[in-house]
$ cat structure.cif   # mmCIF, C-alpha atoms
data_final
loop_
_atom_site.label_atom_id
_atom_site.label_comp_id
_atom_site.auth_asym_id
_atom_site.auth_seq_id
_atom_site.Cartn_x
_atom_site.Cartn_y
_atom_site.Cartn_z
CA MET A 1 196.44 -81.73 -15.86
CA HIS A 2 198.11 -78.51 -14.89
CA GLY A 3 198.87 -75.67 -17.25
CA PHE A 4 196.85 -77.36 -20.00
CA THR A 5 196.55 -75.43 -23.27
CA ASP A 6 194.39 -76.82 -26.08
CA TYR A 7 195.17 -75.54 -29.58
CA THR A 8 191.95 -76.73 -31.26
CA LEU A 9 190.73 -73.20 -32.01
CA ALA A 10 194.05 -72.32 -33.66
CA LYS A 11 193.81 -75.50 -35.74
CA ARG A 12 190.28 -74.61 -36.86
CA ALA A 13 191.45 -71.14 -37.90
CA ILE A 14 194.30 -72.57 -39.97
CA ILE A 15 192.05 -75.15 -41.66
CA GLU A 16 189.50 -72.42 -42.44
CA SER A 17 192.24 -70.21 -43.86
CA LEU A 18 193.44 -73.12 -46.00
CA ARG A 19 189.92 -73.69 -47.34
CA ARG A 20 189.48 -69.97 -48.15
CA GLY A 21 192.87 -69.78 -49.87
CA GLY A 22 194.53 -67.58 -47.26
CA VAL A 23 197.36 -70.09 -46.86
CA GLY A 24 198.53 -72.77 -49.26
CA ARG A 25 198.69 -76.49 -48.62
CA LEU A 26 202.49 -76.40 -48.67
CA ASP A 27 202.34 -73.89 -45.80
CA VAL A 28 200.53 -76.34 -43.51
CA CYS A 29 201.78 -79.70 -44.81
CA ASP A 30 205.41 -79.17 -43.91
CA ALA A 31 206.25 -81.69 -41.19
CA HIS A 32 209.95 -82.13 -40.49
CA PRO A 33 211.28 -85.55 -41.56
CA GLU A 34 212.11 -86.45 -37.92
CA LEU A 35 208.53 -85.66 -36.89
CA ILE A 36 207.19 -87.89 -39.69
CA ARG A 37 209.58 -90.67 -38.63
CA ALA A 38 208.47 -90.41 -35.00
CA ALA A 39 204.79 -90.37 -36.04
CA ARG A 40 205.25 -93.43 -38.24
CA ASN A 41 207.20 -95.48 -35.69
CA ILE A 42 205.89 -94.48 -32.27
CA GLY A 43 202.88 -92.20 -32.86
CA ASP A 44 199.49 -93.15 -31.47
CA PRO A 45 196.77 -93.45 -34.13
CA ILE A 46 194.04 -90.80 -33.97
CA ALA A 47 190.54 -92.08 -34.78
CA ARG A 48 189.54 -89.33 -37.20
CA PRO A 49 190.57 -88.34 -40.70
CA CYS A 50 193.21 -85.74 -41.48
CA PRO A 51 191.59 -82.28 -41.68
CA VAL A 52 193.62 -81.51 -44.83
CA CYS A 53 193.67 -84.65 -47.00
CA GLY A 54 190.98 -86.81 -45.38
CA HIS A 55 193.16 -89.93 -45.01
CA ASP A 56 193.01 -92.07 -41.87
CA SER A 57 196.71 -91.69 -41.19
CA LEU A 58 196.74 -89.19 -38.31
CA ARG A 59 199.13 -89.89 -35.45
CA LEU A 60 199.76 -88.17 -32.13
CA VAL A 61 203.38 -87.72 -31.04
CA ARG A 62 204.29 -86.32 -27.63
CA TYR A 63 207.56 -84.61 -26.71
CA VAL A 64 208.93 -83.63 -23.30
CA TYR A 65 210.88 -80.46 -22.54
CA GLY A 66 212.36 -79.11 -19.33
CA ASP A 67 215.62 -77.94 -17.78
CA GLN A 68 215.55 -80.72 -15.19
CA LEU A 69 215.35 -83.36 -17.93
CA LYS A 70 218.84 -82.39 -19.15
CA GLU A 71 219.75 -84.55 -22.18
CA LEU A 72 216.26 -86.10 -22.22
CA SER A 73 214.66 -82.73 -23.01
CA GLY A 74 213.26 -82.61 -26.53
CA ARG A 75 212.78 -86.35 -26.86
CA PRO A 76 209.56 -88.02 -27.95
CA VAL A 77 207.63 -89.96 -25.32
CA TYR A 78 208.63 -93.57 -25.92
CA PRO A 79 207.93 -96.20 -24.69
CA LYS A 80 204.36 -95.67 -23.55
CA GLY A 81 204.24 -94.55 -19.94
CA TRP A 82 207.73 -93.01 -20.03
CA ASP A 83 206.23 -89.58 -19.30
CA THR A 84 204.58 -90.98 -16.17
CA GLU A 85 207.92 -92.40 -15.01
CA LEU A 86 209.54 -89.01 -15.57
CA ALA A 87 206.72 -87.31 -13.63
CA GLU A 88 207.58 -89.47 -10.61
CA ARG A 89 211.27 -88.48 -10.72
CA VAL A 90 211.34 -84.88 -11.98
CA ASP A 91 209.77 -81.83 -10.34
CA GLU A 92 208.48 -80.20 -13.51
CA PHE A 93 208.53 -80.53 -17.29
CA ARG A 94 206.28 -79.65 -20.19
CA CYS A 95 204.70 -82.14 -22.56
CA PHE A 96 203.74 -81.14 -26.13
CA SER A 97 201.29 -83.23 -28.19
CA VAL A 98 201.55 -82.87 -31.96
CA GLU A 99 199.16 -84.36 -34.51
CA VAL A 100 200.78 -85.48 -37.74
CA CYS A 101 199.38 -86.92 -40.99
CA LEU A 102 201.61 -89.58 -42.53
CA GLU A 103 199.99 -89.03 -45.92
CA CYS A 104 200.12 -85.25 -46.55
CA GLU A 105 202.54 -84.26 -43.72
CA TRP A 106 200.02 -81.97 -41.98
CA ASN A 107 201.23 -81.21 -38.46
CA HIS A 108 199.84 -79.06 -35.73
CA LEU A 109 200.45 -78.57 -32.04
CA ALA A 110 197.40 -80.13 -30.37
CA ALA A 111 198.08 -79.44 -26.70
CA CYS A 112 200.68 -78.51 -24.12
CA TYR A 113 200.63 -79.30 -20.39
CA LEU A 114 202.80 -79.49 -17.28
CA MET A 115 203.82 -82.73 -15.57
CA GLY A 116 206.09 -83.69 -12.67
CA LYS A 117 206.21 -84.33 -8.95
CA ARG A 118 205.13 -80.74 -8.32
CA TYR A 119 201.76 -81.52 -9.92
CA ALA A 120 201.08 -84.90 -8.31
CA GLU A 121 197.73 -85.15 -6.57
CA LYS A 122 197.90 -84.68 -2.81
CA PRO A 123 195.94 -86.95 -0.49
CA PRO A 124 192.45 -85.57 0.33
CA SER A 125 193.35 -84.88 3.98
CA LEU A 126 196.24 -82.65 2.92
CA ARG A 127 194.25 -80.91 0.20
CA SER A 128 191.33 -79.94 2.42
CA THR A 129 193.16 -78.50 5.44
CA GLY A 130 196.71 -78.00 4.27
CA ARG A 131 197.90 -79.89 7.39
CA ARG A 132 198.80 -83.47 8.12
CA ARG A 133 196.39 -85.51 10.17
CA ARG A 134 197.77 -87.11 13.27
CA LEU A 135 197.66 -90.86 13.38
CA GLY A 136 196.91 -92.67 16.58
#
$ encode --input "structure.cif" --output "structure tokens"
Amino acid sequence: MHGFTDYTLAKRAIIESLRRGGVGRLDVCDAHPELIRAARNIGDPIARPCPVCGHDSLRLVRYVYGDQLKELSGRPVYPKGWDTELAERVDEFRCFSVEVCLECEWNHLAACYLMGKRYAEKPPSLRSTGRRRRLG
């Protein structure tokens, strides 16, 4: 993936601050109702407990953003594979993955990355020399 940013360290810092009392639970368990709805209906289950409440109700919701997406920008990725279809049609867009707890409403940006035709893998012959091989 291109332009991949992982926010795990930021999440650890927030959880540690919560445990030390630097921030309150209401400061980190504040998911927007639309985010909760998306997590409940189309979110992918995450196989680990919530870092705040410990329940097994974590979901991953992905959203796509980009000027070339026009009215599709800001929508959650649904159905599965829709982001891959977009990547075949659009030059560039950004995908944001958000983890959400359905129980306590914890939410945190997990990752962000670039997708699109611009980032499609090139055939090995083009990657190695930068030129097309002649056939025949």
$ resolve_selection --input "structure.cif" --expression "the PyMOL selection byres ((chain A and resi 54-62) around 9)" --output "VMD selection string"
chain A and resid 35 38 to 40 42 to 53 63 to 64 75 to 78 95 to 104 106 110
$ closest_residue --input "structure.cif" --among "A:Arg37, A:His108, A:Lys70, A:Arg89" --to "Ile14 of chain A" --atoms "only C-alpha atoms"
A:His108
$ residues_around --input "structure.cif" --residues "Ala10 of chain A" --least-positions-apart "4" --cutoff "12 Å" --atoms "all atoms listed in the file" --output "list in words"
Thr5, Asp6, Ile14, Ile15, Glu16, Ser17, His108, Leu109, Ala110 and Ala111 of chain A
$ write_last_selection --input "structure.cif" --atoms "C-alpha atoms" --output "mmCIF file, in the coordinates of the input"
data_model
loop_
_atom_site.group_PDB
_atom_site.id
_atom_site.type_symbol
_atom_site.label_atom_id
_atom_site.label_comp_id
_atom_site.auth_asym_id
_atom_site.auth_seq_id
_atom_site.Cartn_x
_atom_site.Cartn_y
_atom_site.Cartn_z
ATOM 1 C CA THR A 5 196.550 -75.430 -23.270
ATOM 2 C CA ASP A 6 194.390 -76.820 -26.080
ATOM 3 C CA ILE A 14 194.300 -72.570 -39.970
ATOM 4 C CA ILE A 15 192.050 -75.150 -41.660
ATOM 5 C CA GLU A 16 189.500 -72.420 -42.440
ATOM 6 C CA SER A 17 192.240 -70.210 -43.860
ATOM 7 C CA HIS A 108 199.840 -79.060 -35.730
ATOM 8 C CA LEU A 109 200.450 -78.570 -32.040
ATOM 9 C CA ALA A 110 197.400 -80.130 -30.370
ATOM 10 C CA ALA A 111 198.080 -79.440 -26.700
#
$ resolve_selection --input "structure.cif" --expression "the PyMOL selection byres ((chain A and resi 93) around 6)" --output "PyMOL selection string"
chain A and resi 65-66+92+94+114-115
$ atom_distance --input "structure.cif" --atom1 "atom CA of Glu105 of chain A" --atom2 "atom CA of Gly74 of chain A"
20.3 Å
$ atom_distance --input "structure.cif" --atom1 "atom CA of Asp83 of chain A" --atom2 "atom CA of Cys112 of chain A"
13.3 Å
$ atom_distance --input "structure.cif" --atom1 "atom CA of Asp67 of chain A" --atom2 "atom CA of Ala120 of chain A"
18.7 Å
$ axis_aligned_box --input "structure.cif" --around "segment 110-116 of chain A" --padding-each-side "8 Å" --output "JSON"
{"center_x": 201.7, "center_y": -81.1, "center_z": -21.5, "size_x": 24.7, "size_y": 21.2, "size_z": 33.7}
$ resolve_selection --input "structure.cif" --expression "the PyMOL selection byres ((chain A and resi 29) around 7)" --output "MDAnalysis selection string"
chainID A and resid 25:28 30:31 104:107
$ closest_residue --input "structure.cif" --among "A:Glu71, A:Leu18, A:Tyr113, A:Glu121" --to "His2 of chain A" --atoms "only C-alpha atoms"
A:Tyr113
$ residues_around --input "structure.cif" --residues "Leu86 of chain A" --least-positions-apart "4" --cutoff "8 Å" --atoms "all atoms listed in the file" --output "MDAnalysis selection string"
chainID A and resid 82 90 116
$ closest_residue --input "structure.cif" --among "A:Ala87, A:Thr8, A:Pro33, A:Gly22" --to "Gln68 of chain A" --atoms "all atoms listed in the file"
A:Ala87
$ decode --input "structure.cif" --residues "segment 89-121 of chain A" --atoms "N, CA and C atoms" --output "PDB file, in the first residue's frame"
ATOM      1  N   ARG A  89     -10.935   2.365 -11.314  1.00  0.00           N
ATOM      2  CA  ARG A  89     -11.556   3.414 -12.122  1.00  0.00           C
ATOM      3  C   ARG A  89     -11.024   4.817 -11.842  1.00  0.00           C
ATOM      4  N   VAL A  90     -10.507   5.045 -10.635  1.00  0.00           N
ATOM      5  CA  VAL A  90     -10.120   6.381 -10.200  1.00  0.00           C
ATOM      6  C   VAL A  90      -8.605   6.436 -10.018  1.00  0.00           C
ATOM      7  N   ASP A  91      -7.996   7.557 -10.410  1.00  0.00           N
ATOM      8  CA  ASP A  91      -6.543   7.689 -10.309  1.00  0.00           C
ATOM      9  C   ASP A  91      -6.036   7.641  -8.871  1.00  0.00           C
ATOM     10  N   GLU A  92      -6.716   8.365  -7.971  1.00  0.00           N
ATOM     11  CA  GLU A  92      -6.202   8.421  -6.604  1.00  0.00           C
ATOM     12  C   GLU A  92      -7.319   8.783  -5.626  1.00  0.00           C
ATOM     13  N   PHE A  93      -7.310   8.114  -4.486  1.00  0.00           N
ATOM     14  CA  PHE A  93      -8.163   8.476  -3.358  1.00  0.00           C
ATOM     15  C   PHE A  93      -7.533   7.926  -2.097  1.00  0.00           C
ATOM     16  N   ARG A  94      -8.006   8.407  -0.972  1.00  0.00           N
ATOM     17  CA  ARG A  94      -7.468   8.007   0.322  1.00  0.00           C
ATOM     18  C   ARG A  94      -8.512   7.173   1.053  1.00  0.00           C
ATOM     19  N   CYS A  95      -8.045   6.123   1.711  1.00  0.00           N
ATOM     20  CA  CYS A  95      -8.918   5.255   2.486  1.00  0.00           C
ATOM     21  C   CYS A  95      -8.532   5.376   3.963  1.00  0.00           C
ATOM     22  N   PHE A  96      -9.532   5.612   4.812  1.00  0.00           N
ATOM     23  CA  PHE A  96      -9.339   5.720   6.256  1.00  0.00           C
ATOM     24  C   PHE A  96     -10.010   4.538   6.934  1.00  0.00           C
ATOM     25  N   SER A  97      -9.286   3.843   7.809  1.00  0.00           N
ATOM     26  CA  SER A  97      -9.830   2.729   8.588  1.00  0.00           C
ATOM     27  C   SER A  97     -10.001   3.196  10.027  1.00  0.00           C
ATOM     28  N   VAL A  98     -11.214   3.017  10.551  1.00  0.00           N
ATOM     29  CA  VAL A  98     -11.534   3.460  11.902  1.00  0.00           C
ATOM     30  C   VAL A  98     -12.006   2.266  12.710  1.00  0.00           C
ATOM     31  N   GLU A  99     -11.440   2.067  13.907  1.00  0.00           N
ATOM     32  CA  GLU A  99     -11.948   1.013  14.774  1.00  0.00           C
ATOM     33  C   GLU A  99     -12.962   1.622  15.729  1.00  0.00           C
ATOM     34  N   VAL A 100     -14.039   0.871  15.938  1.00  0.00           N
ATOM     35  CA  VAL A 100     -15.172   1.365  16.721  1.00  0.00           C
ATOM     36  C   VAL A 100     -15.658   0.246  17.636  1.00  0.00           C
ATOM     37  N   CYS A 101     -15.948   0.585  18.902  1.00  0.00           N
ATOM     38  CA  CYS A 101     -16.543  -0.374  19.831  1.00  0.00           C
ATOM     39  C   CYS A 101     -18.047  -0.104  19.901  1.00  0.00           C
ATOM     40  N   LEU A 102     -18.832  -1.119  19.618  1.00  0.00           N
ATOM     41  CA  LEU A 102     -20.286  -0.977  19.668  1.00  0.00           C
ATOM     42  C   LEU A 102     -20.798  -0.843  21.095  1.00  0.00           C
ATOM     43  N   GLU A 103     -20.016  -1.296  22.056  1.00  0.00           N
ATOM     44  CA  GLU A 103     -20.441  -1.287  23.453  1.00  0.00           C
ATOM     45  C   GLU A 103     -20.213   0.070  24.125  1.00  0.00           C
ATOM     46  N   CYS A 104     -18.971   0.572  24.108  1.00  0.00           N
ATOM     47  CA  CYS A 104     -18.651   1.816  24.833  1.00  0.00           C
ATOM     48  C   CYS A 104     -18.479   3.027  23.917  1.00  0.00           C
ATOM     49  N   GLU A 105     -18.537   2.813  22.603  1.00  0.00           N
ATOM     50  CA  GLU A 105     -18.422   3.859  21.580  1.00  0.00           C
ATOM     51  C   GLU A 105     -17.014   4.444  21.444  1.00  0.00           C
ATOM     52  N   TRP A 106     -15.993   3.632  21.869  1.00  0.00           N
ATOM     53  CA  TRP A 106     -14.597   3.985  21.592  1.00  0.00           C
ATOM     54  C   TRP A 106     -14.439   4.046  20.081  1.00  0.00           C
ATOM     55  N   ASN A 107     -13.671   5.002  19.599  1.00  0.00           N
ATOM     56  CA  ASN A 107     -13.359   5.054  18.165  1.00  0.00           C
ATOM     57  C   ASN A 107     -12.000   5.694  18.002  1.00  0.00           C
ATOM     58  N   HIS A 108     -11.269   5.172  17.046  1.00  0.00           N
ATOM     59  CA  HIS A 108      -9.925   5.685  16.811  1.00  0.00           C
ATOM     60  C   HIS A 108      -9.527   5.395  15.373  1.00  0.00           C
ATOM     61  N   LEU A 109      -8.893   6.353  14.748  1.00  0.00           N
ATOM     62  CA  LEU A 109      -8.359   6.162  13.409  1.00  0.00           C
ATOM     63  C   LEU A 109      -7.244   5.129  13.486  1.00  0.00           C
ATOM     64  N   ALA A 110      -7.407   4.017  12.765  1.00  0.00           N
ATOM     65  CA  ALA A 110      -6.419   2.940  12.815  1.00  0.00           C
ATOM     66  C   ALA A 110      -5.340   3.110  11.749  1.00  0.00           C
ATOM     67  N   ALA A 111      -5.753   3.503  10.534  1.00  0.00           N
ATOM     68  CA  ALA A 111      -4.795   3.620   9.448  1.00  0.00           C
ATOM     69  C   ALA A 111      -5.369   4.488   8.337  1.00  0.00           C
ATOM     70  N   CYS A 112      -4.469   4.954   7.491  1.00  0.00           N
ATOM     71  CA  CYS A 112      -4.832   5.751   6.330  1.00  0.00           C
ATOM     72  C   CYS A 112      -3.877   5.352   5.207  1.00  0.00           C
ATOM     73  N   TYR A 113      -4.397   5.199   3.984  1.00  0.00           N
ATOM     74  CA  TYR A 113      -3.532   4.821   2.869  1.00  0.00           C
ATOM     75  C   TYR A 113      -4.135   5.280   1.550  1.00  0.00           C
ATOM     76  N   LEU A 114      -3.282   5.342   0.530  1.00  0.00           N
ATOM     77  CA  LEU A 114      -3.680   5.770  -0.805  1.00  0.00           C
ATOM     78  C   LEU A 114      -4.043   4.565  -1.661  1.00  0.00           C
ATOM     79  N   MET A 115      -5.043   4.752  -2.515  1.00  0.00           N
ATOM     80  CA  MET A 115      -5.441   3.725  -3.479  1.00  0.00           C
ATOM     81  C   MET A 115      -5.736   4.416  -4.804  1.00  0.00           C
ATOM     82  N   GLY A 116      -5.833   3.623  -5.873  1.00  0.00           N
ATOM     83  CA  GLY A 116      -6.196   4.140  -7.183  1.00  0.00           C
ATOM     84  C   GLY A 116      -5.317   3.579  -8.273  1.00  0.00           C
ATOM     85  N   LYS A 117      -5.680   3.924  -9.516  1.00  0.00           N
ATOM     86  CA  LYS A 117      -4.924   3.435 -10.677  1.00  0.00           C
ATOM     87  C   LYS A 117      -3.462   3.856 -10.614  1.00  0.00           C
ATOM     88  N   ARG A 118      -3.206   5.019 -10.071  1.00  0.00           N
ATOM     89  CA  ARG A 118      -1.847   5.539  -9.966  1.00  0.00           C
ATOM     90  C   ARG A 118      -0.933   4.611  -9.160  1.00  0.00           C
ATOM     91  N   TYR A 119      -1.531   3.828  -8.257  1.00  0.00           N
ATOM     92  CA  TYR A 119      -0.752   2.981  -7.363  1.00  0.00           C
ATOM     93  C   TYR A 119      -0.834   1.507  -7.712  1.00  0.00           C
ATOM     94  N   ALA A 120      -1.406   1.184  -8.864  1.00  0.00           N
ATOM     95  CA  ALA A 120      -1.484  -0.214  -9.293  1.00  0.00           C
ATOM     96  C   ALA A 120      -0.082  -0.730  -9.583  1.00  0.00           C
ATOM     97  N   GLU A 121       0.128  -1.988  -9.282  1.00  0.00           N
ATOM     98  CA  GLU A 121       1.436  -2.601  -9.537  1.00  0.00           C
ATOM     99  C   GLU A 121       1.702  -2.655 -11.041  1.00  0.00           C
TER     100      GLU A 121
END
